file upload_35.json (JSON, C-alpha atoms)
[["chain", "number", "residue", "atom", "x", "y", "z"],
["A", 236, "MET", "CA", 259.51, 150.24, 142.89],
["A", 237, "THR", "CA", 257.10, 152.58, 144.62],
["A", 238, "GLY", "CA", 253.34, 152.98, 144.36],
["A", 239, "ALA", "CA", 253.86, 156.04, 142.18],
["A", 240, "GLU", "CA", 255.44, 153.80, 139.54],
["A", 241, "LEU", "CA", 252.40, 151.58, 139.11],
["A", 242, "PRO", "CA", 250.75, 152.46, 135.79],
["A", 243, "PRO", "CA", 247.36, 154.20, 135.49],
["A", 244, "TYR", "CA", 245.68, 150.85, 134.71],
["A", 245, "ALA", "CA", 246.89, 149.33, 137.99],
["A", 246, "LYS", "CA", 245.93, 152.37, 140.05],
["A", 247, "ALA", "CA", 242.49, 152.59, 138.44],
["A", 248, "LEU", "CA", 241.79, 148.98, 139.43],
["A", 249, "GLY", "CA", 242.95, 149.66, 143.00],
["A", 250, "ILE", "CA", 246.15, 147.61, 142.71],
["A", 251, "GLU", "CA", 248.72, 148.67, 145.31],
["A", 252, "ILE", "CA", 251.94, 147.46, 146.85],
["A", 253, "ASP", "CA", 250.75, 145.53, 149.89],
["A", 254, "ARG", "CA", 254.22, 144.83, 151.29],
["A", 255, "VAL", "CA", 257.74, 143.94, 150.26],
["A", 256, "GLU", "CA", 259.03, 140.43, 150.94],
["A", 257, "ASN", "CA", 262.80, 139.94, 150.69],
["A", 258, "GLY", "CA", 263.03, 142.86, 148.33],
["A", 259, "THR", "CA", 260.17, 141.71, 146.09],
["A", 260, "PRO", "CA", 256.86, 143.61, 146.10],
["A", 261, "VAL", "CA", 253.64, 141.77, 146.91],
["A", 262, "LEU", "CA", 250.76, 143.47, 145.11],
["A", 263, "GLY", "CA", 247.26, 143.52, 146.56],
["A", 264, "VAL", "CA", 243.85, 144.57, 145.29],
["A", 265, "ASP", "CA", 240.56, 144.80, 147.16],
["A", 266, "PHE", "CA", 237.54, 143.21, 145.57],
["A", 267, "SER", "CA", 235.29, 145.64, 143.69],
["A", 268, "ASP", "CA", 232.80, 145.68, 140.83],
["A", 269, "ARG", "CA", 235.68, 146.81, 138.60],
["A", 270, "ILE", "CA", 237.29, 143.37, 138.73],
["A", 271, "LEU", "CA", 234.13, 141.27, 138.88],
["A", 272, "GLY", "CA", 233.70, 138.60, 136.20],
["A", 273, "ARG", "CA", 230.71, 136.28, 136.41],
["A", 274, "PRO", "CA", 228.65, 137.17, 139.49],
["A", 275, "GLY", "CA", 230.52, 136.47, 142.70],
["A", 276, "PHE", "CA", 233.85, 135.78, 141.00],
["A", 277, "LEU", "CA", 236.99, 137.64, 140.09],
["A", 278, "HIS", "CA", 237.51, 138.24, 136.36],
["A", 279, "GLY", "CA", 240.31, 136.10, 134.91],
["A", 280, "GLY", "CA", 241.64, 139.03, 132.89],
["A", 281, "ALA", "CA", 241.90, 141.18, 136.02],
["A", 282, "MET", "CA", 243.76, 138.33, 137.78],
["A", 283, "SER", "CA", 246.09, 138.12, 134.78],
["A", 284, "GLY", "CA", 246.64, 141.88, 134.81],
["A", 285, "LEU", "CA", 247.51, 141.75, 138.51],
["A", 286, "MET", "CA", 249.99, 138.90, 137.97],
["A", 287, "GLU", "CA", 251.61, 140.73, 135.03],
["A", 288, "MET", "CA", 252.05, 143.82, 137.23],
["A", 289, "ALA", "CA", 253.56, 141.63, 139.95],
["A", 290, "ALA", "CA", 255.91, 139.95, 137.47],
["A", 291, "ILE", "CA", 257.10, 143.30, 136.11],
["A", 292, "ALA", "CA", 257.49, 144.71, 139.64],
["A", 293, "ALA", "CA", 259.60, 141.68, 140.64],
["A", 294, "LEU", "CA", 261.80, 142.11, 137.59],
["A", 295, "HIS", "CA", 262.22, 145.86, 138.26],
["A", 296, "ALA", "CA", 263.26, 145.01, 141.83],
["A", 297, "GLU", "CA", 265.82, 142.49, 140.52],
["A", 298, "MET", "CA", 267.20, 145.01, 138.01],
["A", 299, "ASP", "CA", 267.46, 147.62, 140.80],
["A", 300, "ARG", "CA", 269.45, 145.15, 142.91],
["A", 301, "ARG", "CA", 271.84, 144.67, 140.00],
["A", 302, "GLY", "CA", 272.00, 148.40, 139.42],
["A", 303, "GLU", "CA", 270.91, 148.00, 135.81],
["A", 304, "ALA", "CA", 268.37, 150.37, 134.28],
["A", 305, "MET", "CA", 266.47, 148.32, 131.72],
["A", 306, "ARG", "CA", 263.47, 148.93, 129.51],
["A", 307, "LEU", "CA", 261.06, 146.01, 129.73],
["A", 308, "LYS", "CA", 258.97, 144.77, 126.83],
["A", 309, "PRO", "CA", 256.55, 141.87, 127.38],
["A", 310, "VAL", "CA", 256.90, 139.12, 124.77],
["A", 311, "ASN", "CA", 254.21, 136.75, 125.99],
["A", 312, "VAL", "CA", 252.36, 135.39, 128.98],
["A", 313, "GLN", "CA", 250.86, 132.02, 129.82],
["A", 314, "VAL", "CA", 248.16, 132.04, 132.49],
["A", 315, "GLU", "CA", 246.70, 129.00, 134.30],
["A", 316, "PHE", "CA", 243.46, 129.49, 136.20],
["A", 317, "MET", "CA", 243.18, 126.96, 139.00],
["A", 318, "ARG", "CA", 240.40, 128.19, 141.27],
["A", 319, "GLY", "CA", 237.64, 130.73, 141.02],
["A", 320, "GLY", "CA", 238.60, 133.96, 142.80],
["A", 321, "THR", "CA", 235.95, 135.09, 145.28],
["A", 322, "GLU", "CA", 234.92, 138.47, 146.67],
["A", 323, "GLN", "CA", 237.91, 139.21, 148.89],
["A", 324, "ARG", "CA", 241.35, 140.79, 148.77],
["A", 325, "THR", "CA", 243.66, 139.25, 146.16],
["A", 326, "PHE", "CA", 247.46, 139.16, 146.15],
["A", 327, "ALA", "CA", 250.14, 138.45, 143.56],
["A", 328, "MET", "CA", 253.90, 138.18, 143.62],
["A", 329, "GLY", "CA", 256.44, 137.53, 140.91],
["A", 330, "THR", "CA", 259.57, 135.39, 141.03],
["A", 331, "VAL", "CA", 262.36, 136.05, 138.59],
["A", 332, "THR", "CA", 263.27, 132.58, 137.33],
["A", 333, "ARG", "CA", 265.91, 133.71, 134.90],
["A", 334, "ALA", "CA", 267.07, 137.18, 133.91],
["A", 335, "GLY", "CA", 269.87, 137.23, 131.38],
["A", 336, "ARG", "CA", 271.12, 140.20, 129.42],
["A", 337, "ARG", "CA", 268.36, 140.23, 126.83],
["A", 338, "VAL", "CA", 265.42, 138.23, 128.09],
["A", 339, "ALA", "CA", 263.84, 137.40, 131.43],
["A", 340, "LEU", "CA", 261.47, 134.65, 132.50],
["A", 341, "VAL", "CA", 259.28, 135.58, 135.46],
["A", 342, "ASN", "CA", 256.70, 133.41, 137.22],
["A", 343, "ALA", "CA", 253.85, 134.93, 139.18],
["A", 344, "GLU", "CA", 251.36, 133.51, 141.62],
["A", 345, "CYS", "CA", 247.95, 134.85, 142.60],
["A", 346, "TRP", "CA", 246.24, 133.95, 145.87],
["A", 347, "GLN", "CA", 243.57, 135.12, 148.27],
["A", 348, "ASP", "CA", 243.13, 134.10, 151.93],
["A", 349, "ASP", "CA", 245.32, 130.97, 151.70],
["A", 350, "ARG", "CA", 248.69, 131.45, 150.12],
["A", 351, "THR", "CA", 249.25, 127.70, 149.86],
["A", 352, "LYS", "CA", 246.23, 127.51, 147.54],
["A", 353, "PRO", "CA", 247.02, 129.85, 144.64],
["A", 354, "ILE", "CA", 244.07, 130.68, 142.40],
["A", 355, "ALA", "CA", 246.18, 131.31, 139.29],
["A", 356, "LEU", "CA", 249.72, 131.10, 137.93],
["A", 357, "ALA", "CA", 251.39, 133.10, 135.21],
["A", 358, "GLN", "CA", 254.65, 132.78, 133.36],
["A", 359, "MET", "CA", 255.85, 135.86, 131.53],
["A", 360, "LYS", "CA", 258.69, 136.39, 129.10],
["A", 361, "ILE", "CA", 260.07, 139.90, 128.97],
["A", 362, "LEU", "CA", 262.61, 141.40, 126.60],
["A", 363, "LEU", "CA", 265.27, 143.61, 128.19],
["A", 364, "SER", "CA", 266.97, 146.55, 126.56],
["A", 365, "PRO", "CA", 269.21, 149.22, 128.08],
["A", 366, "SER", "CA", 267.21, 152.24, 129.13],
["A", 367, "GLU", "CA", 268.12, 155.46, 127.30],
["A", 368, "GLY", "CA", 267.42, 157.48, 130.43],
["B", 83, "MET", "CA", 238.89, 123.55, 139.76],
["B", 84, "THR", "CA", 236.50, 125.02, 142.29],
["B", 85, "THR", "CA", 232.85, 124.52, 141.47],
["B", 86, "PRO", "CA", 230.82, 127.63, 142.12],
["B", 87, "ASP", "CA", 228.18, 126.99, 144.75],
["B", 88, "ARG", "CA", 225.85, 129.71, 143.58],
["B", 89, "PRO", "CA", 224.15, 130.26, 140.24],
["B", 90, "PRO", "CA", 227.06, 130.17, 137.82],
["B", 91, "ALA", "CA", 228.03, 132.77, 135.32],
["B", 92, "PHE", "CA", 225.59, 135.41, 134.26],
["B", 93, "THR", "CA", 222.42, 134.92, 136.20],
["B", 94, "ALA", "CA", 220.38, 136.45, 133.41],
["B", 95, "LEU", "CA", 221.17, 133.43, 131.28],
["B", 96, "PRO", "CA", 220.31, 130.01, 132.67],
["B", 97, "PRO", "CA", 222.33, 127.04, 131.33],
["B", 98, "GLY", "CA", 220.97, 125.85, 128.01],
["B", 99, "PHE", "CA", 219.36, 129.21, 127.29],
["B", 100, "GLU", "CA", 219.50, 130.03, 123.61],
["B", 101, "PHE", "CA", 222.48, 132.34, 123.11],
["B", 102, "ASP", "CA", 221.72, 135.62, 121.40],
["B", 103, "PRO", "CA", 225.21, 137.05, 120.82],
["B", 104, "GLU", "CA", 224.26, 140.71, 120.59],
["B", 105, "ARG", "CA", 221.87, 140.70, 123.49],
["B", 106, "GLY", "CA", 224.09, 138.42, 125.57],
["B", 107, "SER", "CA", 227.15, 140.57, 125.08],
["B", 108, "ARG", "CA", 225.23, 143.72, 125.95],
["B", 109, "LEU", "CA", 224.29, 142.10, 129.25],
["B", 110, "MET", "CA", 227.82, 140.96, 129.90],
["B", 111, "THR", "CA", 229.60, 144.17, 129.02],
["B", 112, "ARG", "CA", 227.43, 146.44, 131.11],
["B", 113, "HIS", "CA", 228.57, 145.23, 134.54],
["B", 114, "GLY", "CA", 231.72, 144.23, 136.35],
["B", 115, "HIS", "CA", 235.16, 144.20, 134.80],
["B", 116, "GLY", "CA", 233.89, 144.20, 131.21],
["B", 117, "GLY", "CA", 231.70, 147.19, 132.02],
["B", 118, "TRP", "CA", 234.57, 149.06, 133.64],
["B", 119, "LEU", "CA", 236.82, 148.35, 130.65],
["B", 120, "GLY", "CA", 234.10, 149.72, 128.37],
["B", 121, "LEU", "CA", 233.85, 146.61, 126.18],
["B", 122, "ASN", "CA", 231.34, 146.85, 123.34],
["B", 123, "TYR", "CA", 229.80, 144.30, 121.00],
["B", 124, "HIS", "CA", 231.47, 144.56, 117.57],
["B", 125, "ALA", "CA", 230.48, 141.59, 115.38],
["B", 126, "HIS", "CA", 229.95, 137.84, 115.40],
["B", 127, "GLY", "CA", 229.40, 134.79, 113.20],
["B", 128, "ASP", "CA", 229.34, 131.01, 113.56],
["B", 129, "GLY", "CA", 232.15, 130.14, 115.94],
["B", 130, "TRP", "CA", 233.56, 133.65, 116.21],
["B", 131, "PHE", "CA", 232.89, 136.80, 118.17],
["B", 132, "GLU", "CA", 234.35, 140.31, 118.27],
["B", 133, "LEU", "CA", 234.42, 142.87, 121.05],
["B", 134, "GLU", "CA", 235.73, 146.43, 120.98],
["B", 135, "LEU", "CA", 237.91, 147.93, 123.70],
["B", 136, "PRO", "CA", 237.95, 151.74, 123.35],
["B", 137, "TRP", "CA", 241.18, 153.51, 124.36],
["B", 138, "ARG", "CA", 241.09, 155.63, 127.46],
["B", 139, "GLU", "CA", 243.67, 157.12, 129.78],
["B", 140, "GLU", "CA", 242.79, 154.91, 132.78],
["B", 141, "LEU", "CA", 243.78, 151.78, 130.82],
["B", 142, "VAL", "CA", 247.29, 152.98, 130.00],
["B", 143, "GLY", "CA", 250.20, 150.74, 131.00],
["B", 144, "VAL", "CA", 253.10, 153.04, 130.18],
["B", 145, "THR", "CA", 252.39, 156.64, 131.13],
["B", 146, "GLU", "CA", 255.09, 158.12, 128.85],
["B", 147, "THR", "CA", 253.82, 156.41, 125.69],
["B", 148, "GLY", "CA", 250.06, 156.16, 126.31],
["B", 149, "VAL", "CA", 250.12, 152.52, 125.23],
["B", 150, "ILE", "CA", 247.29, 150.52, 126.73],
["B", 151, "ALA", "CA", 248.32, 147.97, 129.41],
["B", 152, "SER", "CA", 248.40, 144.29, 128.54],
["B", 153, "GLY", "CA", 245.87, 143.44, 131.28],
["B", 154, "PRO", "CA", 242.91, 144.97, 129.40],
["B", 155, "ILE", "CA", 244.00, 143.09, 126.26],
["B", 156, "ILE", "CA", 243.92, 139.77, 128.16],
["B", 157, "SER", "CA", 240.47, 140.60, 129.55],
["B", 158, "LEU", "CA", 239.23, 141.58, 126.07],
["B", 159, "MET", "CA", 240.49, 138.30, 124.61],
["B", 160, "ASP", "CA", 239.20, 136.23, 127.54],
["B", 161, "ASN", "CA", 235.72, 137.65, 126.93],
["B", 162, "ALA", "CA", 235.81, 137.52, 123.11],
["B", 163, "THR", "CA", 237.00, 133.90, 123.03],
["B", 164, "SER", "CA", 234.50, 132.96, 125.76],
["B", 165, "MET", "CA", 231.61, 134.37, 123.73],
["B", 166, "SER", "CA", 232.89, 132.68, 120.56],
["B", 167, "VAL", "CA", 232.27, 129.30, 122.20],
["B", 168, "TRP", "CA", 228.57, 130.10, 122.62],
["B", 169, "THR", "CA", 228.25, 131.14, 118.99],
["B", 170, "MET", "CA", 229.41, 127.58, 118.24],
["B", 171, "THR", "CA", 227.15, 125.79, 120.75],
["B", 172, "GLY", "CA", 224.21, 128.07, 119.98],
["B", 173, "LYS", "CA", 223.27, 127.85, 123.64],
["B", 174, "PHE", "CA", 224.61, 129.29, 126.83],
["B", 175, "VAL", "CA", 226.90, 126.79, 128.59],
["B", 176, "PRO", "CA", 228.51, 128.10, 131.79],
["B", 177, "HIS", "CA", 232.25, 127.70, 131.63],
["B", 178, "ALA", "CA", 235.52, 128.81, 133.19],
["B", 179, "THR", "CA", 238.81, 129.77, 131.56],
["B", 180, "LEU", "CA", 241.41, 127.06, 132.14],
["B", 181, "ASP", "CA", 244.34, 128.78, 130.48],
["B", 182, "LEU", "CA", 245.24, 131.57, 128.13],
["B", 183, "ARG", "CA", 248.47, 132.33, 126.34],
["B", 184, "VAL", "CA", 248.96, 135.77, 124.89],
["B", 185, "ASP", "CA", 251.76, 136.74, 122.49],
["B", 186, "TYR", "CA", 252.33, 140.47, 122.28],
["B", 187, "MET", "CA", 253.29, 141.56, 118.76],
["B", 188, "ARG", "CA", 253.44, 145.29, 119.47],
["B", 189, "GLY", "CA", 251.80, 147.99, 121.58],
["B", 190, "ALA", "CA", 248.38, 149.20, 120.45],
["B", 191, "VAL", "CA", 248.44, 152.72, 119.00],
["B", 192, "PRO", "CA", 247.29, 155.20, 121.68],
["B", 193, "GLY", "CA", 243.84, 156.58, 120.99],
["B", 194, "ARG", "CA", 242.75, 153.65, 118.84],
["B", 195, "SER", "CA", 240.15, 151.08, 119.84],
["B", 196, "VAL", "CA", 241.38, 147.51, 120.07],
["B", 197, "ILE", "CA", 239.20, 144.86, 118.45],
["B", 198, "GLY", "CA", 239.31, 141.41, 120.03],
["B", 199, "HIS", "CA", 238.49, 138.63, 117.55],
["B", 200, "GLY", "CA", 237.91, 135.29, 119.28],
["B", 201, "GLU", "CA", 237.14, 131.98, 117.62],
["B", 202, "CYS", "CA", 236.33, 128.53, 118.86],
["B", 203, "TYR", "CA", 238.06, 125.93, 116.69],
["B", 204, "LYS", "CA", 237.15, 122.73, 118.56],
["B", 205, "LEU", "CA", 234.57, 121.60, 121.07],
["B", 206, "THR", "CA", 234.58, 118.43, 123.09],
["B", 207, "ARG", "CA", 232.03, 117.54, 125.79],
["B", 208, "THR", "CA", 233.86, 119.47, 128.49],
["B", 209, "ILE", "CA", 236.64, 121.43, 126.80],
["B", 210, "SER", "CA", 236.50, 124.20, 124.22],
["B", 211, "PHE", "CA", 239.64, 125.21, 122.34],
["B", 212, "VAL", "CA", 239.87, 128.85, 121.36],
["B", 213, "ARG", "CA", 242.23, 131.24, 119.62],
["B", 214, "GLY", "CA", 242.12, 134.82, 118.50],
["B", 215, "ILE", "CA", 243.84, 138.06, 117.67],
["B", 216, "ALA", "CA", 243.64, 141.60, 118.95],
["B", 217, "HIS", "CA", 244.17, 144.39, 116.41],
["B", 218, "ASP", "CA", 243.80, 148.17, 116.33],
["B", 219, "GLY", "CA", 242.38, 148.59, 112.84],
["B", 220, "ASP", "CA", 244.21, 146.17, 110.56],
["B", 221, "PRO", "CA", 243.58, 142.47, 111.27],
["B", 222, "ASP", "CA", 246.70, 141.66, 109.23],
["B", 223, "ASP", "CA", 248.86, 143.62, 111.68],
["B", 224, "PRO", "CA", 247.71, 142.27, 115.07],
["B", 225, "VAL", "CA", 248.63, 143.67, 118.45],
["B", 226, "ALA", "CA", 248.41, 140.21, 120.03],
["B", 227, "HIS", "CA", 247.71, 136.54, 119.31],
["B", 228, "VAL", "CA", 245.88, 134.40, 121.84],
["B", 229, "ILE", "CA", 245.25, 130.70, 122.37],
["B", 230, "GLY", "CA", 243.43, 129.07, 125.26],
["B", 231, "THR", "CA", 240.95, 126.56, 126.65],
["B", 232, "PHE", "CA", 237.69, 126.73, 128.60],
["B", 233, "MET", "CA", 235.96, 124.04, 130.62],
["B", 234, "ALA", "CA", 232.19, 123.59, 130.87],
["B", 235, "THR", "CA", 231.39, 123.83, 134.58],
["B", 236, "HIS", "CA", 227.72, 122.88, 134.44],
["B", 237, "GLY", "CA", 226.58, 120.53, 131.71],
["B", 238, "SER", "CA", 228.19, 119.69, 128.39],
["B", 239, "TYR", "CA", 229.09, 121.74, 125.33],
["B", 240, "LEU", "CA", 227.81, 119.05, 122.96]]
call {"tool": "encode", "arguments": {"input": "upload_35.json", "output": "structure tokens"}}
result
Amino acid sequence: MTGAELPPYAKALGIEIDRVENGTPVLGVDFSDRILGRPGFLHGGAMSGLMEMAAIAALHAEMDRRGEAMRLKPVNVQVEFMRGGTEQRTFAMGTVTRAGRRVALVNAECWQDDRTKPIALAQMKILLSPSEG
Amino acid sequence: MTTPDRPPAFTALPPGFEFDPERGSRLMTRHGHGGWLGLNYHAHGDGWFELELPWREELVGVTETGVIASGPIISLMDNATSMSVWTMTGKFVPHATLDLRVDYMRGAVPGRSVIGHGECYKLTRTISFVRGIAHDGDPDDPVAHVIGTFMATHGSYL
């Protein structure tokens, strides 16, 4: 997955691939008014959007490793907000918990300056279908 | 849960301030993430609140199809359900989202506004239980279903 593959929504928010860890992209976004919720804090929806992007990026990376071209369709997401996000750079990374032939379960974590203190968690279920391309 | 150490939530509305849904939502959709998304007040009643998310190219999640990304839908529903709580309390109570679950029924039709309908179905002293749907014209054919909880961070809902 390259930066060019991030959708317009991600690019418009300033979401980028910060680095790749063991083949899985870590996404990062600088704080800006575009992702501000209540004053001084990151918007929960923006955090969720970032984690969804990270989850999908992790699944794409896994599919690439397997050499399978799949079309991904989100079924649902469960997000837990654990700490208020503050005005600093925010990261997210997905972990593919289970990817079968038809459905994948991907966890994602969102953190800021201290990775051991995530600010939010997400669990996303994604339907897989063979890509026509 | 981290407790904010500065004036919580929207500084224009002190805790306990009488909540005027139309005015309040105008304040809250002008700045920050809601402002960038272009959220607009749509309608409200006792215990429910609706916001409109107009379609635009920057919000697209799949370039080839023009379908809006799921992130803006979560933000729309986070805000609509949040506001619905204050239509129930009748006063502004600062709170934080604890969790949200979103089920995606289908992609929203490109070019159409998405309406976020949020409702609060139960309040306790510290927790509000919310649910809602997002639709792009027909409430009987939703784009997404949502369920979640908020926690009062300063003071009590009741």
call {"tool": "interface_residues", "arguments": {"input": "upload_35.json", "of": "chain A", "to": "chain B", "cutoff": "8 Å", "atoms": "only C-alpha atoms", "output": "PyMOL selection string"}}
result
chain A and resi 242-245+247+268-274+278-281+283-285+287+309-319
call {"tool": "closest_residue", "arguments": {"input": "upload_35.json", "among": "B:Met165, B:Leu135, B:Ile197, B:Leu205", "to": "Gly219 of chain B", "atoms": "all atoms listed in the file"}}
result
B:Ile197
call {"tool": "closest_residue", "arguments": {"input": "upload_35.json", "among": "A:Leu277, A:Met298, A:Leu340, A:Met288", "to": "Ile354 of chain A", "atoms": "all atoms listed in the file"}}
result
A:Leu277
call {"tool": "residues_around", "arguments": {"input": "upload_35.json", "residues": "Arg350 of chain A", "least_positions_apart": "5", "cutoff": "12 Å", "atoms": "only C-alpha atoms", "output": "number ranges by chain"}}
result
A: 261, 324-328, 344-345, 355
call {"tool": "atom_distance", "arguments": {"input": "upload_35.json", "atom1": "atom CA of Glu322 of chain A", "atom2": "atom CA of Glu100 of chain B"}}
result
29.0 Å
call {"tool": "residues_around", "arguments": {"input": "upload_35.json", "residues": "Gly258 of chain A", "least_positions_apart": "5", "cutoff": "10 Å", "atoms": "only C-alpha atoms", "output": "ChimeraX atom specification"}}
result
/A:236,293,296-297,299-300
call {"tool": "atom_distance", "arguments": {"input": "upload_35.json", "atom1": "atom CA of Thr321 of chain A", "atom2": "atom CA of Phe99 of chain B"}}
result
25.2 Å
call {"tool": "atom_distance", "arguments": {"input": "upload_35.json", "atom1": "atom CA of Met305 of chain A", "atom2": "atom CA of Ser364 of chain A"}}
result
5.5 Å
call {"tool": "residues_near_point", "arguments": {"input": "upload_35.json", "point": "(246.1, 143.3, 148.4)", "cutoff": "10 Å", "atoms": "all atoms listed in the file", "output": "PyMOL selection string"}}
result
chain A and resi 249-254+261-266+323-327+346-347
call {"tool": "residues_near_point", "arguments": {"input": "upload_35.json", "point": "(230.4, 130.7, 110.5)", "cutoff": "12 Å", "atoms": "all atoms listed in the file", "output": "number ranges by chain"}}
result
B: 125-131, 166-167, 169-172, 201-203
call {"tool": "write_last_selection", "arguments": {"input": "upload_35.json", "atoms": "C-alpha atoms", "output": "compact mmCIF listing (two decimals), in the coordinates of the input"}}
result
# COMPACT_ATOMS: atom_id res chain seq x y z
CA ALA B 125 230.48 141.59 115.38
CA HIS B 126 229.95 137.84 115.40
CA GLY B 127 229.40 134.79 113.20
CA ASP B 128 229.34 131.01 113.56
CA GLY B 129 232.15 130.14 115.94
CA TRP B 130 233.56 133.65 116.21
CA PHE B 131 232.89 136.80 118.17
CA SER B 166 232.89 132.68 120.56
CA VAL B 167 232.27 129.30 122.20
CA THR B 169 228.25 131.14 118.99
CA MET B 170 229.41 127.58 118.24
CA THR B 171 227.15 125.79 120.75
CA GLY B 172 224.21 128.07 119.98
CA GLU B 201 237.14 131.98 117.62
CA CYS B 202 236.33 128.53 118.86
CA TYR B 203 238.06 125.93 116.69
call {"tool": "residues_around", "arguments": {"input": "upload_35.json", "residues": "Ser366 of chain A", "least_positions_apart": "3", "cutoff": "9 Å", "atoms": "all atoms listed in the file", "output": "count of residues only"}}
result
6
call {"tool": "closest_residue", "arguments": {"input": "upload_35.json", "among": "A:Ala292, A:Val338, A:Val255, A:Ala343", "to": "Ile361 of chain A", "atoms": "only C-alpha atoms"}}
result
A:Val338
call {"tool": "closest_residue", "arguments": {"input": "upload_35.json", "among": "B:Lys173, B:Lys204, B:His199, B:His236", "to": "His217 of chain B", "atoms": "only C-alpha atoms"}}
result
B:His199
